[in-house]
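Structure first, then comments.
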Amino acid sequence: LIIGLFSRKARDYSSLRIVQWGFKVVRFIGGIKTTVIGYDKIPKNEPVLFVGNHRSIFDVVIAYSIMPNLTGFVSKKEMEKVPLLSVWMRFIYCLFLDRKDIKKGMKTVLLGIDYIKSGVSIVVFPEGTRSTQDSGLLPFKAGSLKFAEKTGCKIIPMVQNNTEMCFEHQFPRVRKTHTVLEFCDPIDLDTLSKEDKKFLSTYVQKIIEEKYEENKKLV
C-alpha cells in the first residue's frame, strides 16, 4: 500500500514477487519439485491468456511462482470472502468469477479484458473445478476463452501433471512430490482456420489433453 502511493507499477511488481516468494517457500517446505518445459515460449513483452488443466490447488501455487510478468488468475467467487487473502489477490490482478450470476460474470470477463489490454496476463482453468479423472479433462465452460477472443492476445496451453499427488490424494497432508509443468507453443488466433476459431475451446482442449497424456511418463 505504501509503495503504491508512489508508483502503481512498483506496487504491482512488488506484490507479484512477494506472492511468488511465498509460494516458493510453500513448495520448498512441502518438497514439491517441478520440471518446467517450454518456459522460453512465454512472450516477455506482451500479455497472454494461459489456459490450464486443473487437478489440484497446487496448480496455482506452482504456476504462479514462476510467472515472468504481471499475471492474474481467474478464481471462484467464494475466494473473495477470505480475509486478507482476497486483498492480496486483488493486488495481483486476480478475478473473482460468479458463474451463477451471468451479469456479474460478464462484468468480470470485461474487467479481465481490460487487464489484458493494460498488459496483464490472465490464467484460466476452463474446466471450472478440479478434475479427478485419471485421463482427459472435464468439458470446458462456455466463454472461458473470451479473454483471448475479445483482445486477440495469444493463448498458451499450460499443462500440469501429478499435482494432485501433492495434497489431494493424502488430504490434509502435503507430500513430497515431483510434478511437470509444460508451456505449449503460443496460439495466435489470426493464424487459425475459420473452423478452429469457431470451436476454439475444443481446439485448445485437445492440445492440453494430448500433452497431459504425453507427460505422464515424466513423473
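Chain labels A, B, ... are given in the sequence in which chains occur in the C-alpha cells; within each chain residues are numbered consecutively from 1, and ligands are likewise numbered from 1 in the order shown.
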
Quick one: everything within 7 Å of range 6-15 of chain A, counting only C-alpha atoms, minus sequence neighbours fewer than 6 positions away in the same chain. Send it as a PyMOL selection string. chain A and resi 70+91-92

Close residues, Pro186 in chain A itself excluded, 8 Å, only C-alpha atoms, min 2 positions apart in chain, as a list of chain:residue names: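 The residues satisfying every condition are A:Lys41, A:Ile42, A:Lys154, A:Ile155, A:Ile156, A:Pro157, A:Cys184, A:Asp188.
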
Put those residues in a file: all heavy atoms, as a CSV table (one decimal), in the first residue's frame.
```
chain,number,residue,atom,x,y,z
A,41,LYS,N,8.9,-20.2,-24.2
A,41,LYS,CA,7.8,-19.9,-25.2
A,41,LYS,C,6.9,-18.8,-24.7
A,41,LYS,O,6.1,-18.3,-25.5
A,41,LYS,CB,7.0,-21.2,-25.4
A,41,LYS,CG,7.9,-22.3,-26.1
A,41,LYS,CD,7.0,-23.5,-26.3
A,41,LYS,CE,7.9,-24.6,-27.0
A,41,LYS,NZ,7.1,-25.9,-27.1
A,42,ILE,N,7.0,-18.4,-23.5
A,42,ILE,CA,6.2,-17.3,-22.9
A,42,ILE,C,6.7,-16.0,-23.4
A,42,ILE,O,7.8,-15.6,-23.2
A,42,ILE,CB,6.2,-17.3,-21.4
A,42,ILE,CG1,5.7,-18.6,-20.8
A,42,ILE,CG2,5.2,-16.2,-20.9
A,42,ILE,CD1,5.8,-18.7,-19.3
A,154,LYS,N,-2.4,-13.8,-27.5
A,154,LYS,CA,-2.1,-15.2,-27.8
A,154,LYS,C,-2.5,-16.1,-26.6
A,154,LYS,O,-2.6,-15.7,-25.5
A,154,LYS,CB,-0.5,-15.4,-28.0
A,154,LYS,CG,0.0,-14.7,-29.2
A,154,LYS,CD,1.5,-15.0,-29.4
A,154,LYS,CE,2.0,-14.4,-30.7
A,154,LYS,NZ,2.0,-12.9,-30.7
A,155,ILE,N,-2.8,-17.4,-26.9
A,155,ILE,CA,-3.2,-18.4,-25.9
A,155,ILE,C,-2.0,-19.3,-25.7
A,155,ILE,O,-1.4,-19.8,-26.7
A,155,ILE,CB,-4.4,-19.2,-26.4
A,155,ILE,CG1,-5.6,-18.3,-26.5
A,155,ILE,CG2,-4.7,-20.3,-25.4
A,155,ILE,CD1,-6.9,-18.9,-27.1
A,156,ILE,N,-1.7,-19.6,-24.5
A,156,ILE,CA,-0.6,-20.5,-24.2
A,156,ILE,C,-1.2,-21.7,-23.4
A,156,ILE,O,-1.5,-21.5,-22.2
A,156,ILE,CB,0.6,-19.9,-23.4
A,156,ILE,CG1,1.2,-18.9,-24.3
A,156,ILE,CG2,1.6,-21.0,-23.0
A,156,ILE,CD1,2.5,-18.3,-23.7
A,157,PRO,N,-1.4,-22.9,-24.0
A,157,PRO,CA,-1.8,-24.0,-23.2
A,157,PRO,C,-0.8,-24.3,-22.1
A,157,PRO,O,0.4,-24.4,-22.4
A,157,PRO,CB,-1.9,-25.1,-24.2
A,157,PRO,CG,-2.1,-24.4,-25.5
A,157,PRO,CD,-1.3,-23.2,-25.4
A,184,CYS,N,3.0,-24.8,-23.7
A,184,CYS,CA,3.0,-25.2,-25.1
A,184,CYS,C,3.2,-24.0,-26.0
A,184,CYS,O,3.2,-22.9,-25.6
A,184,CYS,CB,1.7,-25.9,-25.4
A,184,CYS,SG,1.3,-27.4,-24.4
A,188,ASP,N,-1.7,-18.2,-32.0
A,188,ASP,CA,-2.1,-16.9,-32.5
A,188,ASP,C,-3.4,-17.1,-33.2
A,188,ASP,O,-3.5,-17.8,-34.2
A,188,ASP,CB,-1.0,-16.4,-33.5
A,188,ASP,CG,-1.3,-15.0,-33.9
A,188,ASP,OD1,-2.4,-14.5,-33.9
A,188,ASP,OD2,-0.3,-14.3,-34.4
```

Quick one: residues within 6 Å of range 43-60 of chain A, only C-alpha atoms, excluding same-chain residues fewer than 4 positions away - as a ChimeraX atom specification? /A:64,116,119-125,130-131,153-159,163-164

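If you count only C-alpha atoms and ignore residues fewer than 3 places along the chain from range 135-148 of chain A, what sits within 6 Å of it is Ile113, Pro126, Glu127, Thr151, Gly152, Cys153 and Glu209 of chain A.
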
Kindly save the residues from that selection, with N, CA, C and O atoms included, as a CSV table (one decimal), in the first residue's frame.
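Once everything was written out, this is selection_26.csv:
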```csv
chain,number,residue,atom,x,y,z
A,113,ILE,N,-10.6,-8.5,-19.6
A,113,ILE,CA,-10.2,-8.0,-20.9
A,113,ILE,C,-9.5,-6.6,-20.8
A,113,ILE,O,-8.5,-6.4,-21.5
A,126,PRO,N,-10.4,-23.6,-17.6
A,126,PRO,CA,-11.7,-23.7,-18.2
A,126,PRO,C,-12.6,-24.8,-17.7
A,126,PRO,O,-13.8,-24.8,-18.0
A,127,GLU,N,-12.0,-25.8,-17.0
A,127,GLU,CA,-12.9,-26.9,-16.5
A,127,GLU,C,-13.8,-26.4,-15.4
A,127,GLU,O,-14.8,-27.0,-15.1
A,151,THR,N,-9.6,-9.8,-27.2
A,151,THR,CA,-8.5,-9.0,-27.2
A,151,THR,C,-7.5,-9.3,-28.3
A,151,THR,O,-6.6,-8.5,-28.6
A,152,GLY,N,-7.6,-10.6,-28.8
A,152,GLY,CA,-6.6,-11.0,-29.8
A,152,GLY,C,-5.3,-11.4,-29.2
A,152,GLY,O,-4.3,-11.7,-30.0
A,153,CYS,N,-5.2,-11.5,-27.9
A,153,CYS,CA,-3.9,-12.0,-27.3
A,153,CYS,C,-3.7,-13.4,-27.6
A,153,CYS,O,-4.6,-14.2,-27.9
A,209,GLU,N,-5.0,-32.1,-23.6
A,209,GLU,CA,-5.2,-33.5,-23.3
A,209,GLU,C,-4.1,-34.3,-23.8
A,209,GLU,O,-3.5,-35.2,-23.2
```

Polymer residues at most 8 Å from Thr177 in chain A, only C-alpha atoms, same-chain spacing of 6 or more positions, as a ChimeraX atom specification: /A:31-33,162-163,165-166

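For the pair CA of Leu85 in chain A and CA of Ile62 in chain A, the separation is 17.3 Å.
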
Of the listed residues A:Lys117, A:Lys194, A:Lys107, A:Arg17, that which approaches Ile66 in chain A most closely, counting only C-alpha atoms: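 Once distances to Ile66 in chain A are computed over only C-alpha atoms, the minimum belongs to A:Arg17.
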
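Of the residues in range 150-196 of chain A, those given strand (DSSP E) by DSSP on the backbone are Lys154, Ile155, Ile156, Pro157, Met158, Val159, Gln160, Asn161, Thr177, His178, Thr179, Val180, Leu181, Glu182 and Phe183 of chain A.
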
Report, in Å with one decimal, the straight-line distance from CA of Asp98 in chain A to CA of Lys206 in chain A.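 Between these atoms lies a distance of 26.3 Å.
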
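Closest approach to Val61 in chain A among A:Leu181, A:Leu110, A:Ser86, A:Tyr93: A:Leu181, based on only C-alpha atoms.
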
Nearest to Phe28 in chain A by atom-to-atom distance, counting only C-alpha atoms, from A:Val219, A:Val204, A:Met79, A:Val174: A:Val174

Can you work out which one of A:Thr132, A:Ser118, A:Thr108, A:Thr202 has the shortest atom-to-atom distance to Phe73 in chain A, counting only C-alpha atoms?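 Checking each candidate against Phe73 in chain A, we get A:Thr108 as the closest.
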
Figure out the distance between CA of Leu16 in chain A and CA of Thr71 in chain A, please, to one decimal in Å. 8.1 Å

Residue set, range 18-212 of chain A restricted to alpha helix (DSSP H), as a PyMOL selection string: chain A and resi 18-30+58-64+85-91+102-117+146-151+194-198+200-212

Smallest atom-to-atom distance to Glu213 in chain A: which of A:Glu149, A:Thr35, A:Lys81, A:Val180, using only C-alpha atoms? A:Val180

I need the residue nearest Phe23 in chain A from this list: A:Met67, A:Val74, A:Asp101, A:Phe96. Use only C-alpha atoms for the distance.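 Among A:Met67, A:Val74, A:Asp101, A:Phe96, it is A:Met67 that comes nearest to Phe23 in chain A.
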